[in-house]
>>> print(open('final14.txt').read())   # compact mmCIF, C-alpha atoms
# COMPACT_ATOMS: atom_id res chain seq x y z
CA MET A 18 -18.19 13.26 -91.29
CA ALA A 19 -15.24 14.95 -89.54
CA GLU A 20 -12.84 13.75 -92.25
CA GLU A 21 -14.98 15.03 -95.12
CA GLU A 22 -14.61 18.47 -96.67
CA TRP A 23 -17.70 20.52 -97.28
CA VAL A 24 -17.95 22.13 -100.70
CA LYS A 25 -20.47 24.82 -99.86
CA LEU A 26 -22.80 26.12 -97.18
CA VAL A 27 -26.51 26.58 -97.76
CA SER A 28 -29.42 28.05 -95.83
CA PRO A 29 -32.75 26.29 -95.21
CA ILE A 30 -35.35 26.97 -97.87
CA GLY A 31 -37.53 29.93 -96.89
CA SER A 32 -35.27 31.04 -94.04
CA LYS A 33 -35.34 34.79 -93.41
CA SER A 34 -33.30 35.17 -90.21
CA THR A 35 -30.09 37.18 -90.51
CA VAL A 36 -28.17 34.43 -88.66
CA TRP A 37 -28.14 32.48 -91.93
CA GLU A 38 -25.90 35.18 -93.36
CA THR A 39 -23.26 33.99 -90.88
CA PHE A 40 -24.12 30.28 -90.70
CA GLY A 41 -24.92 27.61 -93.26
CA MET A 42 -25.66 23.90 -93.49
CA PRO A 43 -22.66 22.06 -94.98
CA VAL A 44 -22.94 20.21 -98.26
CA TYR A 45 -20.40 17.39 -98.65
CA GLU A 46 -19.30 15.78 -101.91
CA SER A 47 -17.91 12.27 -102.29
CA ASN A 48 -17.34 10.51 -105.62
CA GLY A 49 -19.47 13.11 -107.36
CA VAL A 50 -22.40 12.62 -105.00
CA ARG A 51 -23.45 15.48 -102.76
CA ARG A 52 -25.29 15.29 -99.46
CA GLN A 53 -26.56 18.03 -97.18
CA ASP A 54 -26.02 17.77 -93.46
CA LYS A 55 -29.16 19.14 -91.82
CA ASP A 56 -28.08 18.26 -88.28
CA ASN A 57 -25.14 20.67 -88.09
CA VAL A 58 -24.36 24.23 -89.10
CA ILE A 59 -20.97 25.86 -89.75
CA CYS A 60 -19.97 29.43 -89.04
CA LYS A 61 -18.75 31.12 -92.22
CA LEU A 62 -16.37 33.30 -90.23
CA CYS A 63 -14.51 30.80 -88.03
CA ASP A 64 -15.62 27.32 -89.21
CA ALA A 65 -17.17 26.50 -85.81
CA VAL A 66 -19.58 23.54 -85.97
CA LEU A 67 -22.82 23.71 -83.99
CA LYS A 68 -25.66 21.24 -83.63
CA TYR A 69 -28.86 22.36 -85.36
CA THR A 70 -32.29 21.36 -84.05
CA GLY A 71 -34.37 24.09 -85.68
CA ASN A 72 -33.61 26.64 -82.97
CA LEU A 73 -31.48 29.66 -83.87
CA THR A 74 -30.53 30.60 -80.30
CA ASN A 75 -27.17 28.80 -80.30
CA MET A 76 -26.14 30.43 -83.53
CA GLN A 77 -27.09 33.89 -82.32
CA LYS A 78 -25.20 33.35 -79.05
CA HIS A 79 -22.15 32.26 -81.04
CA ILE A 80 -22.31 35.43 -83.13
CA ASP A 81 -22.71 37.64 -80.05
CA ARG A 82 -19.82 35.96 -78.23
CA HIS A 83 -17.26 35.32 -80.96
CA HIS A 84 -18.13 37.92 -83.59
CA PRO A 85 -19.28 41.06 -81.76
CA VAL A 86 -18.63 43.20 -84.82
CA VAL A 87 -21.17 41.16 -86.77
CA SER A 88 -23.56 41.19 -83.84
CA LYS A 89 -23.42 44.97 -83.72
CA ASN A 90 -23.85 45.36 -87.45
CA LYS A 91 -26.82 43.30 -88.54
CA LYS A 92 -26.12 43.66 -92.24
CA LEU A 93 -23.35 41.39 -93.47
CA VAL A 94 -22.83 42.97 -96.87
CA THR A 95 -20.84 45.89 -98.17
CA SER A 96 -21.59 48.11 -101.14
CA THR A 97 -19.06 49.17 -103.71
CA SER A 98 -19.05 52.60 -105.28
CA SER A 99 -20.72 51.09 -108.33
CA GLY A 100 -23.59 49.83 -106.22
CA THR A 101 -22.64 46.16 -106.43
CA ILE A 102 -23.51 44.16 -103.30
CA MET A 103 -20.68 41.93 -102.09
CA SER A 104 -20.81 39.12 -99.57
CA HIS A 105 -18.37 39.21 -96.62
CA MET A 106 -16.87 36.03 -98.02
CA THR A 107 -15.85 37.81 -101.23
CA LYS A 108 -12.11 38.26 -101.53
CA GLU A 109 -12.32 41.37 -103.74
CA LYS A 110 -11.55 44.62 -101.98
CA PRO A 111 -14.44 47.15 -102.12
CA THR A 112 -13.61 50.65 -103.32
CA SER A 113 -15.81 52.20 -100.65
CA VAL A 114 -17.92 51.13 -97.71
CA VAL A 115 -21.29 52.48 -96.64
CA SER A 116 -21.10 54.15 -93.25
CA GLY A 117 -21.99 51.82 -90.37
CA GLN A 118 -21.45 48.61 -92.33
CA LEU A 119 -18.62 46.11 -92.12
CA ARG A 120 -15.30 46.23 -93.90
CA LEU A 121 -13.71 43.03 -95.11
CA THR A 122 -10.78 43.66 -92.78
CA ASP A 123 -13.14 43.44 -89.79
CA PHE A 124 -13.73 39.77 -90.52
CA SER A 125 -10.04 38.92 -90.75
CA LYS A 126 -9.72 39.94 -87.09
CA SER A 127 -12.28 37.38 -85.91
CA GLN A 128 -10.64 34.60 -83.95
CA TYR A 129 -11.39 30.95 -84.61
CA SER A 130 -13.78 29.29 -82.23
CA TYR A 131 -11.94 26.69 -80.14
CA ASN A 132 -14.01 23.87 -81.72
CA SER A 133 -13.77 25.05 -85.33
CA HIS A 134 -12.31 22.69 -87.92
CA ARG A 135 -9.34 25.00 -88.47
CA ALA A 136 -8.52 25.47 -84.77
CA LEU A 137 -8.85 21.75 -84.00
CA ALA A 138 -6.63 20.86 -86.97
CA ILE A 139 -3.85 23.25 -85.91
CA THR A 140 -4.05 22.15 -82.26
CA ARG A 141 -3.77 18.52 -83.36
CA LYS A 142 -0.67 19.31 -85.45
CA VAL A 143 0.94 21.03 -82.47
CA GLY A 144 0.16 17.96 -80.37
CA LEU A 145 1.73 15.68 -82.97
CA PHE A 146 4.79 17.95 -83.08
CA ILE A 147 5.17 17.59 -79.30
CA ALA A 148 4.58 13.82 -79.25
CA LYS A 149 6.53 12.80 -82.37
CA ASP A 150 9.50 15.09 -81.77
CA PHE A 151 9.66 14.44 -78.00
CA ARG A 152 9.15 18.10 -77.20
CA PRO A 153 8.28 19.25 -73.67
CA LEU A 154 4.76 20.48 -73.05
CA SER A 155 6.28 23.76 -71.90
CA ILE A 156 6.96 24.64 -75.54
CA VAL A 157 3.38 25.93 -75.87
CA ASP A 158 4.29 28.57 -73.27
CA ASN A 159 7.36 29.64 -75.22
CA GLU A 160 7.01 33.25 -76.31
CA TYR A 161 8.65 32.78 -79.71
CA PHE A 162 6.71 29.60 -80.49
CA ARG A 163 3.44 31.40 -79.78
CA ASP A 164 4.62 34.35 -81.89
CA LEU A 165 5.40 31.95 -84.75
CA LEU A 166 1.87 30.51 -84.74
CA GLN A 167 0.38 33.99 -84.43
CA GLU A 168 2.35 35.10 -87.46
CA LEU A 169 1.29 32.06 -89.49
CA ASP A 170 -2.40 32.41 -88.60
CA PRO A 171 -3.43 35.43 -86.49
CA ARG A 172 -6.92 34.01 -86.00
CA TYR A 173 -5.66 30.92 -84.16
CA ILE A 174 -5.32 30.99 -80.37
CA LEU A 175 -2.87 28.40 -79.00
CA PRO A 176 -4.33 26.55 -75.98
CA LYS A 177 -2.49 26.42 -72.68
CA ARG A 178 -0.22 23.58 -71.56
CA LYS A 179 -2.98 22.04 -69.42
CA HIS A 180 -5.18 21.53 -72.49
CA PHE A 181 -2.43 19.59 -74.26
CA ALA A 182 -1.57 17.57 -71.16
CA GLU A 183 -5.15 16.61 -70.28
CA LYS A 184 -6.85 16.41 -73.68
CA VAL A 185 -4.74 16.62 -76.85
CA ILE A 186 -1.88 14.26 -75.94
CA PRO A 187 -4.15 11.64 -74.27
CA GLU A 188 -6.39 11.64 -77.35
CA LEU A 189 -3.39 11.11 -79.62
CA TYR A 190 -2.20 8.30 -77.34
CA ASN A 191 -5.59 6.58 -77.49
CA GLU A 192 -5.62 6.84 -81.29
CA ALA A 193 -2.16 5.29 -81.52
CA LYS A 194 -3.09 2.59 -79.02
CA VAL A 195 -6.11 1.53 -81.08
CA LYS A 196 -3.91 1.24 -84.19
CA VAL A 197 -1.33 -0.86 -82.35
CA MET A 198 -3.99 -3.15 -80.87
CA ASN A 199 -5.54 -3.66 -84.30
CA SER A 200 -2.10 -4.53 -85.66
CA LEU A 201 -1.50 -7.06 -82.87
CA LYS A 202 -4.83 -8.76 -83.53
CA HIS A 203 -3.51 -9.96 -86.90
CA ALA A 204 -0.50 -11.65 -85.31
CA GLU A 205 -0.61 -15.42 -84.86
CA SER A 206 1.96 -15.23 -82.05
CA VAL A 207 3.79 -12.46 -80.25
CA ALA A 208 7.17 -12.31 -78.54
CA VAL A 209 7.31 -9.91 -75.61
CA THR A 210 10.59 -8.48 -74.36
CA THR A 211 11.42 -6.23 -71.42
CA ASP A 212 14.13 -3.67 -70.86
CA SER A 213 14.82 -2.39 -67.36
CA TRP A 214 16.62 0.89 -66.86
CA THR A 215 17.11 3.70 -64.38
CA SER A 216 16.64 7.40 -65.05
CA ARG A 217 18.98 10.16 -63.96
CA ALA A 218 16.54 10.79 -61.12
CA CYS A 219 17.25 7.22 -59.93
CA GLU A 220 13.75 6.02 -60.85
CA SER A 221 13.43 2.47 -62.17
CA TYR A 222 11.44 1.81 -65.34
CA VAL A 223 10.51 -1.21 -67.44
CA THR A 224 9.84 -0.92 -71.16
CA ILE A 225 7.76 -3.67 -72.78
CA THR A 226 7.97 -4.35 -76.51
CA ALA A 227 5.90 -6.75 -78.64
CA HIS A 228 7.51 -8.45 -81.67
CA PHE A 229 5.74 -10.45 -84.36
CA ILE A 230 6.06 -11.49 -88.00
CA LYS A 231 3.33 -10.32 -90.34
CA LEU A 232 1.75 -12.50 -93.02
CA ASP A 233 4.15 -11.03 -95.60
CA TRP A 234 7.11 -12.22 -93.45
CA ILE A 235 8.09 -8.73 -92.38
CA MET A 236 9.20 -8.30 -88.77
CA ASN A 237 7.13 -5.82 -86.85
CA ALA A 238 7.57 -4.41 -83.36
CA HIS A 239 5.60 -2.08 -81.12
CA VAL A 240 6.79 -0.48 -77.90
CA LEU A 241 3.73 -1.05 -75.77
CA GLN A 242 4.58 0.86 -72.66
CA THR A 243 7.22 2.26 -70.33
CA ARG A 244 6.10 2.09 -66.72
CA ILE A 245 7.80 2.90 -63.46
CA LEU A 246 8.65 -0.13 -61.32
CA ASP A 247 8.94 1.09 -57.75
CA VAL A 248 9.40 -2.41 -56.28
CA SER A 249 12.28 -4.85 -56.40
CA HIS A 250 13.15 -6.09 -59.91
CA THR A 251 12.43 -9.70 -59.11
CA GLY A 252 11.16 -12.23 -61.61
CA VAL A 253 7.80 -12.29 -59.86
CA ASN A 254 7.30 -8.51 -60.00
CA ILE A 255 8.40 -8.24 -63.63
CA GLY A 256 6.22 -11.26 -64.46
CA ASN A 257 3.20 -9.56 -62.90
CA MET A 258 3.86 -6.45 -64.96
CA LEU A 259 4.06 -8.60 -68.09
CA LYS A 260 0.73 -10.25 -67.30
CA GLU A 261 -0.91 -6.87 -66.82
CA SER A 262 0.54 -5.70 -70.13
CA VAL A 263 -0.68 -8.81 -71.98
CA THR A 264 -4.18 -8.23 -70.62
CA GLU A 265 -4.22 -4.49 -71.28
CA TRP A 266 -3.06 -4.83 -74.87
CA GLU A 267 -5.27 -7.85 -75.59
CA LEU A 268 -2.44 -9.94 -76.97
CA PRO A 269 -3.39 -13.21 -78.73
CA PHE A 270 -4.76 -15.91 -76.43
CA LYS A 271 -5.40 -19.61 -76.98
CA ASN A 272 -7.28 -21.67 -74.43
CA GLY A 273 -6.82 -18.88 -71.90
CA ILE A 274 -3.02 -18.83 -72.29
CA PRO A 275 -1.25 -15.89 -73.96
CA ILE A 276 0.61 -16.88 -77.11
CA VAL A 277 4.02 -15.33 -76.40
>>> encode(input="final14.txt", output="structure tokens")
Amino acid sequence: MAEEEWVKLVSPIGSKSTVWETFGMPVYESNGVRRQDKDNVICKLCDAVLKYTGNLTNMQKHIDRHHPVVSKNKKLVTSTSSGTIMSHMTKEKPTSVVSGQLRLTDFSKSQYSYNSHRALAITRKVGLFIAKDFRPLSIVDNEYFRDLLQELDPRYILPKRKHFAEKVIPELYNEAKVKVMNSLKHAESVAVTTDSWTSRACESYVTITAHFIKLDWIMNAHVLQTRILDVSHTGVNIGNMLKESVTEWELPFKNGIPIV
């Protein structure tokens, strides 16, 4: 469901609570067929997704916490000078606003909830930028980088470095690892090579790479890991590291013996 795009948000039939002016149940469309998700609701202001069990408490708490302007003003509509009622989602600019009600500009100031589709998508892209371009995690603390994201989308709040180090990057690593392991499962045999090297800090590392030929006779290779080796670089120690790598990455086995 996370990869689908909802086409509209609807309220339960017969619902009268004002929270449904801020939330709606998503309707997804695939190949011309639409389905309504009755187990989740989406905030119309920040795209936050909440579980729905028939209780409105979570939605009201979300409004009070993340959209205090809406919480203070119960009515989520504005009136034009001609008397036409406009939804807060309307992009047209009203000519006048009734005293005490919301202006469209008030909604543009609402920040995305941390678990909204939009916020999660941007955070993931930042994580990919760090991982793919070998950027340091400290870049998320860079004043000008934060200013850039703020300029591009003022409603997005960039998480701290700890969030990327403990959640975003590990999740991206696990996703990539699953893809590599699935690729290795289709190999009839695998050649594993090692490369030992020393960093400028005089720390010894071993990089392990798996090589195999796919069914279409195209050579493929995956760098499985780079691990520190803080013991002597003997054949026994490197061999033990290789065995651990073969087990961890579930390389092809036959009769209990790795095919390498």
>>> residues_around(input="final14.txt", residues="range 77-85 of chain A", least_positions_apart="5", cutoff="8 Å", atoms="all atoms listed in the file", output="PyMOL selection string")
chain A and resi 36+39+127-128+130
>>> closest_residue(input="final14.txt", among="A:Asn57, A:Ser155, A:Asn132, A:Ser262", to="Gln242 in chain A", atoms="all atoms listed in the file")
A:Ser262
>>> atom_distance(input="final14.txt", atom1="CA of Asn191 in chain A", atom2="CA of Tyr131 in chain A")
21.3 Å
>>> atom_distance(input="final14.txt", atom1="CA of Thr211 in chain A", atom2="CA of Leu246 in chain A")
12.1 Å
>>> residues_around(input="final14.txt", residues="range 53-55 of chain A", least_positions_apart="2", cutoff="12 Å", atoms="all atoms listed in the file", output="PDB file with C-alpha atoms, keeping the file's coordinate frame")
ATOM      1  CA  MET A  18     -18.190  13.260 -91.290  1.00  0.00           C
ATOM      2  CA  ALA A  19     -15.240  14.950 -89.540  1.00  0.00           C
ATOM      3  CA  GLU A  21     -14.980  15.030 -95.120  1.00  0.00           C
ATOM      4  CA  GLU A  22     -14.610  18.470 -96.670  1.00  0.00           C
ATOM      5  CA  TRP A  23     -17.700  20.520 -97.280  1.00  0.00           C
ATOM      6  CA  VAL A  24     -17.950  22.130-100.700  1.00  0.00           C
ATOM      7  CA  LYS A  25     -20.470  24.820 -99.860  1.00  0.00           C
ATOM      8  CA  LEU A  26     -22.800  26.120 -97.180  1.00  0.00           C
ATOM      9  CA  VAL A  27     -26.510  26.580 -97.760  1.00  0.00           C
ATOM     10  CA  SER A  28     -29.420  28.050 -95.830  1.00  0.00           C
ATOM     11  CA  PRO A  29     -32.750  26.290 -95.210  1.00  0.00           C
ATOM     12  CA  ILE A  30     -35.350  26.970 -97.870  1.00  0.00           C
ATOM     13  CA  GLY A  41     -24.920  27.610 -93.260  1.00  0.00           C
ATOM     14  CA  MET A  42     -25.660  23.900 -93.490  1.00  0.00           C
ATOM     15  CA  PRO A  43     -22.660  22.060 -94.980  1.00  0.00           C
ATOM     16  CA  VAL A  44     -22.940  20.210 -98.260  1.00  0.00           C
ATOM     17  CA  TYR A  45     -20.400  17.390 -98.650  1.00  0.00           C
ATOM     18  CA  GLU A  46     -19.300  15.780-101.910  1.00  0.00           C
ATOM     19  CA  SER A  47     -17.910  12.270-102.290  1.00  0.00           C
ATOM     20  CA  VAL A  50     -22.400  12.620-105.000  1.00  0.00           C
ATOM     21  CA  ARG A  51     -23.450  15.480-102.760  1.00  0.00           C
ATOM     22  CA  ASN A  57     -25.140  20.670 -88.090  1.00  0.00           C
ATOM     23  CA  VAL A  58     -24.360  24.230 -89.100  1.00  0.00           C
ATOM     24  CA  ILE A  59     -20.970  25.860 -89.750  1.00  0.00           C
ATOM     25  CA  VAL A  66     -19.580  23.540 -85.970  1.00  0.00           C
ATOM     26  CA  LEU A  67     -22.820  23.710 -83.990  1.00  0.00           C
ATOM     27  CA  LYS A  68     -25.660  21.240 -83.630  1.00  0.00           C
ATOM     28  CA  TYR A  69     -28.860  22.360 -85.360  1.00  0.00           C
ATOM     29  CA  THR A  70     -32.290  21.360 -84.050  1.00  0.00           C
ATOM     30  CA  GLY A  71     -34.370  24.090 -85.680  1.00  0.00           C
TER      31      GLY A  71
END
>>> residues_near_point(input="final14.txt", point="(13.1, 1.2, -68.5)", cutoff="10 Å", atoms="only C-alpha atoms", output="ChimeraX atom specification")
/A:211-216,220-225,242-246
>>> decode(input="final14.txt", residues="range 48-88 of chain A", atoms="N, CA and C atoms", output="PDB file, in the first residue's frame")
ATOM      1  N   ASN A  48      -5.028   0.154 -12.272  1.00  0.00           N
ATOM      2  CA  ASN A  48      -5.593  -0.436 -13.498  1.00  0.00           C
ATOM      3  C   ASN A  48      -7.081  -0.154 -13.633  1.00  0.00           C
ATOM      4  N   GLY A  49      -7.467   1.066 -13.252  1.00  0.00           N
ATOM      5  CA  GLY A  49      -8.861   1.461 -13.397  1.00  0.00           C
ATOM      6  C   GLY A  49      -9.782   0.975 -12.296  1.00  0.00           C
ATOM      7  N   VAL A  50      -9.230   0.217 -11.356  1.00  0.00           N
ATOM      8  CA  VAL A  50     -10.047  -0.310 -10.251  1.00  0.00           C
ATOM      9  C   VAL A  50      -9.719   0.467  -8.985  1.00  0.00           C
ATOM     10  N   ARG A  51     -10.741   0.930  -8.311  1.00  0.00           N
ATOM     11  CA  ARG A  51     -10.543   1.701  -7.090  1.00  0.00           C
ATOM     12  C   ARG A  51     -10.899   0.883  -5.850  1.00  0.00           C
ATOM     13  N   ARG A  52     -10.137   1.121  -4.783  1.00  0.00           N
ATOM     14  CA  ARG A  52     -10.430   0.469  -3.514  1.00  0.00           C
ATOM     15  C   ARG A  52     -10.269   1.483  -2.385  1.00  0.00           C
ATOM     16  N   GLN A  53     -11.110   1.369  -1.395  1.00  0.00           N
ATOM     17  CA  GLN A  53     -11.057   2.287  -0.258  1.00  0.00           C
ATOM     18  C   GLN A  53     -10.395   1.608   0.926  1.00  0.00           C
ATOM     19  N   ASP A  54      -9.424   2.270   1.484  1.00  0.00           N
ATOM     20  CA  ASP A  54      -8.725   1.757   2.664  1.00  0.00           C
ATOM     21  C   ASP A  54      -9.452   2.259   3.909  1.00  0.00           C
ATOM     22  N   LYS A  55     -10.141   1.357   4.597  1.00  0.00           N
ATOM     23  CA  LYS A  55     -10.901   1.737   5.778  1.00  0.00           C
ATOM     24  C   LYS A  55     -10.124   1.522   7.073  1.00  0.00           C
ATOM     25  N   ASP A  56      -8.876   1.090   6.951  1.00  0.00           N
ATOM     26  CA  ASP A  56      -8.057   0.837   8.145  1.00  0.00           C
ATOM     27  C   ASP A  56      -7.111   1.982   8.452  1.00  0.00           C
ATOM     28  N   ASN A  57      -6.999   2.946   7.523  1.00  0.00           N
ATOM     29  CA  ASN A  57      -6.094   4.073   7.727  1.00  0.00           C
ATOM     30  C   ASN A  57      -6.785   5.365   7.310  1.00  0.00           C
ATOM     31  N   VAL A  58      -6.316   6.460   7.891  1.00  0.00           N
ATOM     32  CA  VAL A  58      -6.805   7.783   7.511  1.00  0.00           C
ATOM     33  C   VAL A  58      -5.592   8.663   7.223  1.00  0.00           C
ATOM     34  N   ILE A  59      -5.767   9.661   6.360  1.00  0.00           N
ATOM     35  CA  ILE A  59      -4.683  10.553   5.968  1.00  0.00           C
ATOM     36  C   ILE A  59      -5.084  11.994   6.260  1.00  0.00           C
ATOM     37  N   CYS A  60      -4.149  12.727   6.849  1.00  0.00           N
ATOM     38  CA  CYS A  60      -4.380  14.136   7.137  1.00  0.00           C
ATOM     39  C   CYS A  60      -4.299  14.934   5.838  1.00  0.00           C
ATOM     40  N   LYS A  61      -5.286  15.755   5.572  1.00  0.00           N
ATOM     41  CA  LYS A  61      -5.322  16.531   4.345  1.00  0.00           C
ATOM     42  C   LYS A  61      -4.318  17.685   4.358  1.00  0.00           C
ATOM     43  N   LEU A  62      -3.801  17.996   5.547  1.00  0.00           N
ATOM     44  CA  LEU A  62      -2.893  19.127   5.659  1.00  0.00           C
ATOM     45  C   LEU A  62      -1.431  18.735   5.559  1.00  0.00           C
ATOM     46  N   CYS A  63      -1.073  17.539   6.080  1.00  0.00           N
ATOM     47  CA  CYS A  63       0.349  17.170   6.093  1.00  0.00           C
ATOM     48  C   CYS A  63       0.605  15.750   5.594  1.00  0.00           C
ATOM     49  N   ASP A  64      -0.434  15.048   5.130  1.00  0.00           N
ATOM     50  CA  ASP A  64      -0.298  13.694   4.583  1.00  0.00           C
ATOM     51  C   ASP A  64       0.083  12.647   5.622  1.00  0.00           C
ATOM     52  N   ALA A  65      -0.037  12.958   6.915  1.00  0.00           N
ATOM     53  CA  ALA A  65       0.264  11.970   7.951  1.00  0.00           C
ATOM     54  C   ALA A  65      -0.747  10.823   7.884  1.00  0.00           C
ATOM     55  N   VAL A  66      -0.253   9.590   8.059  1.00  0.00           N
ATOM     56  CA  VAL A  66      -1.103   8.404   8.011  1.00  0.00           C
ATOM     57  C   VAL A  66      -1.307   7.878   9.419  1.00  0.00           C
ATOM     58  N   LEU A  67      -2.564   7.712   9.815  1.00  0.00           N
ATOM     59  CA  LEU A  67      -2.899   7.189  11.134  1.00  0.00           C
ATOM     60  C   LEU A  67      -3.773   5.955  10.989  1.00  0.00           C
ATOM     61  N   LYS A  68      -3.629   5.026  11.923  1.00  0.00           N
ATOM     62  CA  LYS A  68      -4.495   3.858  11.961  1.00  0.00           C
ATOM     63  C   LYS A  68      -5.894   4.287  12.390  1.00  0.00           C
ATOM     64  N   TYR A  69      -6.913   3.665  11.786  1.00  0.00           N
ATOM     65  CA  TYR A  69      -8.299   4.010  12.126  1.00  0.00           C
ATOM     66  C   TYR A  69      -9.039   2.771  12.608  1.00  0.00           C
ATOM     67  N   THR A  70      -9.551   2.862  13.833  1.00  0.00           N
ATOM     68  CA  THR A  70     -10.287   1.733  14.423  1.00  0.00           C
ATOM     69  C   THR A  70     -11.707   2.120  14.781  1.00  0.00           C
ATOM     70  N   GLY A  71     -12.149   3.281  14.303  1.00  0.00           N
ATOM     71  CA  GLY A  71     -13.494   3.749  14.637  1.00  0.00           C
ATOM     72  C   GLY A  71     -13.481   4.830  15.692  1.00  0.00           C
ATOM     73  N   ASN A  72     -12.311   5.020  16.335  1.00  0.00           N
ATOM     74  CA  ASN A  72     -12.165   6.036  17.367  1.00  0.00           C
ATOM     75  C   ASN A  72     -11.533   7.286  16.756  1.00  0.00           C
ATOM     76  N   LEU A  73     -12.054   8.453  17.108  1.00  0.00           N
ATOM     77  CA  LEU A  73     -11.567   9.702  16.527  1.00  0.00           C
ATOM     78  C   LEU A  73     -10.514  10.390  17.384  1.00  0.00           C
ATOM     79  N   THR A  74     -10.167   9.801  18.530  1.00  0.00           N
ATOM     80  CA  THR A  74      -9.263  10.453  19.467  1.00  0.00           C
ATOM     81  C   THR A  74      -7.899  10.743  18.850  1.00  0.00           C
ATOM     82  N   ASN A  75      -7.322   9.750  18.153  1.00  0.00           N
ATOM     83  CA  ASN A  75      -5.997   9.942  17.556  1.00  0.00           C
ATOM     84  C   ASN A  75      -5.989  11.080  16.543  1.00  0.00           C
ATOM     85  N   MET A  76      -7.036  11.163  15.773  1.00  0.00           N
ATOM     86  CA  MET A  76      -7.112  12.224  14.773  1.00  0.00           C
ATOM     87  C   MET A  76      -7.214  13.595  15.432  1.00  0.00           C
ATOM     88  N   GLN A  77      -8.029  13.687  16.491  1.00  0.00           N
ATOM     89  CA  GLN A  77      -8.174  14.957  17.180  1.00  0.00           C
ATOM     90  C   GLN A  77      -6.873  15.370  17.850  1.00  0.00           C
ATOM     91  N   LYS A  78      -6.156  14.392  18.434  1.00  0.00           N
ATOM     92  CA  LYS A  78      -4.866  14.695  19.057  1.00  0.00           C
ATOM     93  C   LYS A  78      -3.866  15.183  18.024  1.00  0.00           C
ATOM     94  N   HIS A  79      -3.905  14.570  16.833  1.00  0.00           N
ATOM     95  CA  HIS A  79      -3.007  14.993  15.757  1.00  0.00           C
ATOM     96  C   HIS A  79      -3.296  16.432  15.369  1.00  0.00           C
ATOM     97  N   ILE A  80      -4.562  16.775  15.251  1.00  0.00           N
ATOM     98  CA  ILE A  80      -4.939  18.145  14.889  1.00  0.00           C
ATOM     99  C   ILE A  80      -4.472  19.128  15.957  1.00  0.00           C
ATOM    100  N   ASP A  81      -4.701  18.778  17.224  1.00  0.00           N
ATOM    101  CA  ASP A  81      -4.323  19.675  18.323  1.00  0.00           C
ATOM    102  C   ASP A  81      -2.811  19.887  18.380  1.00  0.00           C
ATOM    103  N   ARG A  82      -2.061  18.816  18.077  1.00  0.00           N
ATOM    104  CA  ARG A  82      -0.600  18.886  18.214  1.00  0.00           C
ATOM    105  C   ARG A  82       0.088  19.510  17.016  1.00  0.00           C
ATOM    106  N   HIS A  83      -0.335  19.106  15.815  1.00  0.00           N
ATOM    107  CA  HIS A  83       0.381  19.523  14.605  1.00  0.00           C
ATOM    108  C   HIS A  83      -0.289  20.683  13.865  1.00  0.00           C
ATOM    109  N   HIS A  84      -1.556  20.902  14.119  1.00  0.00           N
ATOM    110  CA  HIS A  84      -2.273  21.968  13.412  1.00  0.00           C
ATOM    111  C   HIS A  84      -3.089  22.788  14.405  1.00  0.00           C
ATOM    112  N   PRO A  85      -2.407  23.491  15.309  1.00  0.00           N
ATOM    113  CA  PRO A  85      -3.119  24.251  16.343  1.00  0.00           C
ATOM    114  C   PRO A  85      -4.053  25.317  15.797  1.00  0.00           C
ATOM    115  N   VAL A  86      -3.711  25.846  14.601  1.00  0.00           N
ATOM    116  CA  VAL A  86      -4.592  26.854  14.006  1.00  0.00           C
ATOM    117  C   VAL A  86      -5.946  26.245  13.682  1.00  0.00           C
ATOM    118  N   VAL A  87      -5.914  25.024  13.150  1.00  0.00           N
ATOM    119  CA  VAL A  87      -7.160  24.326  12.834  1.00  0.00           C
ATOM    120  C   VAL A  87      -7.891  23.966  14.109  1.00  0.00           C
ATOM    121  N   SER A  88      -7.148  23.542  15.116  1.00  0.00           N
ATOM    122  CA  SER A  88      -7.751  23.156  16.380  1.00  0.00           C
ATOM    123  C   SER A  88      -8.475  24.329  17.018  1.00  0.00           C
TER     124      SER A  88
END
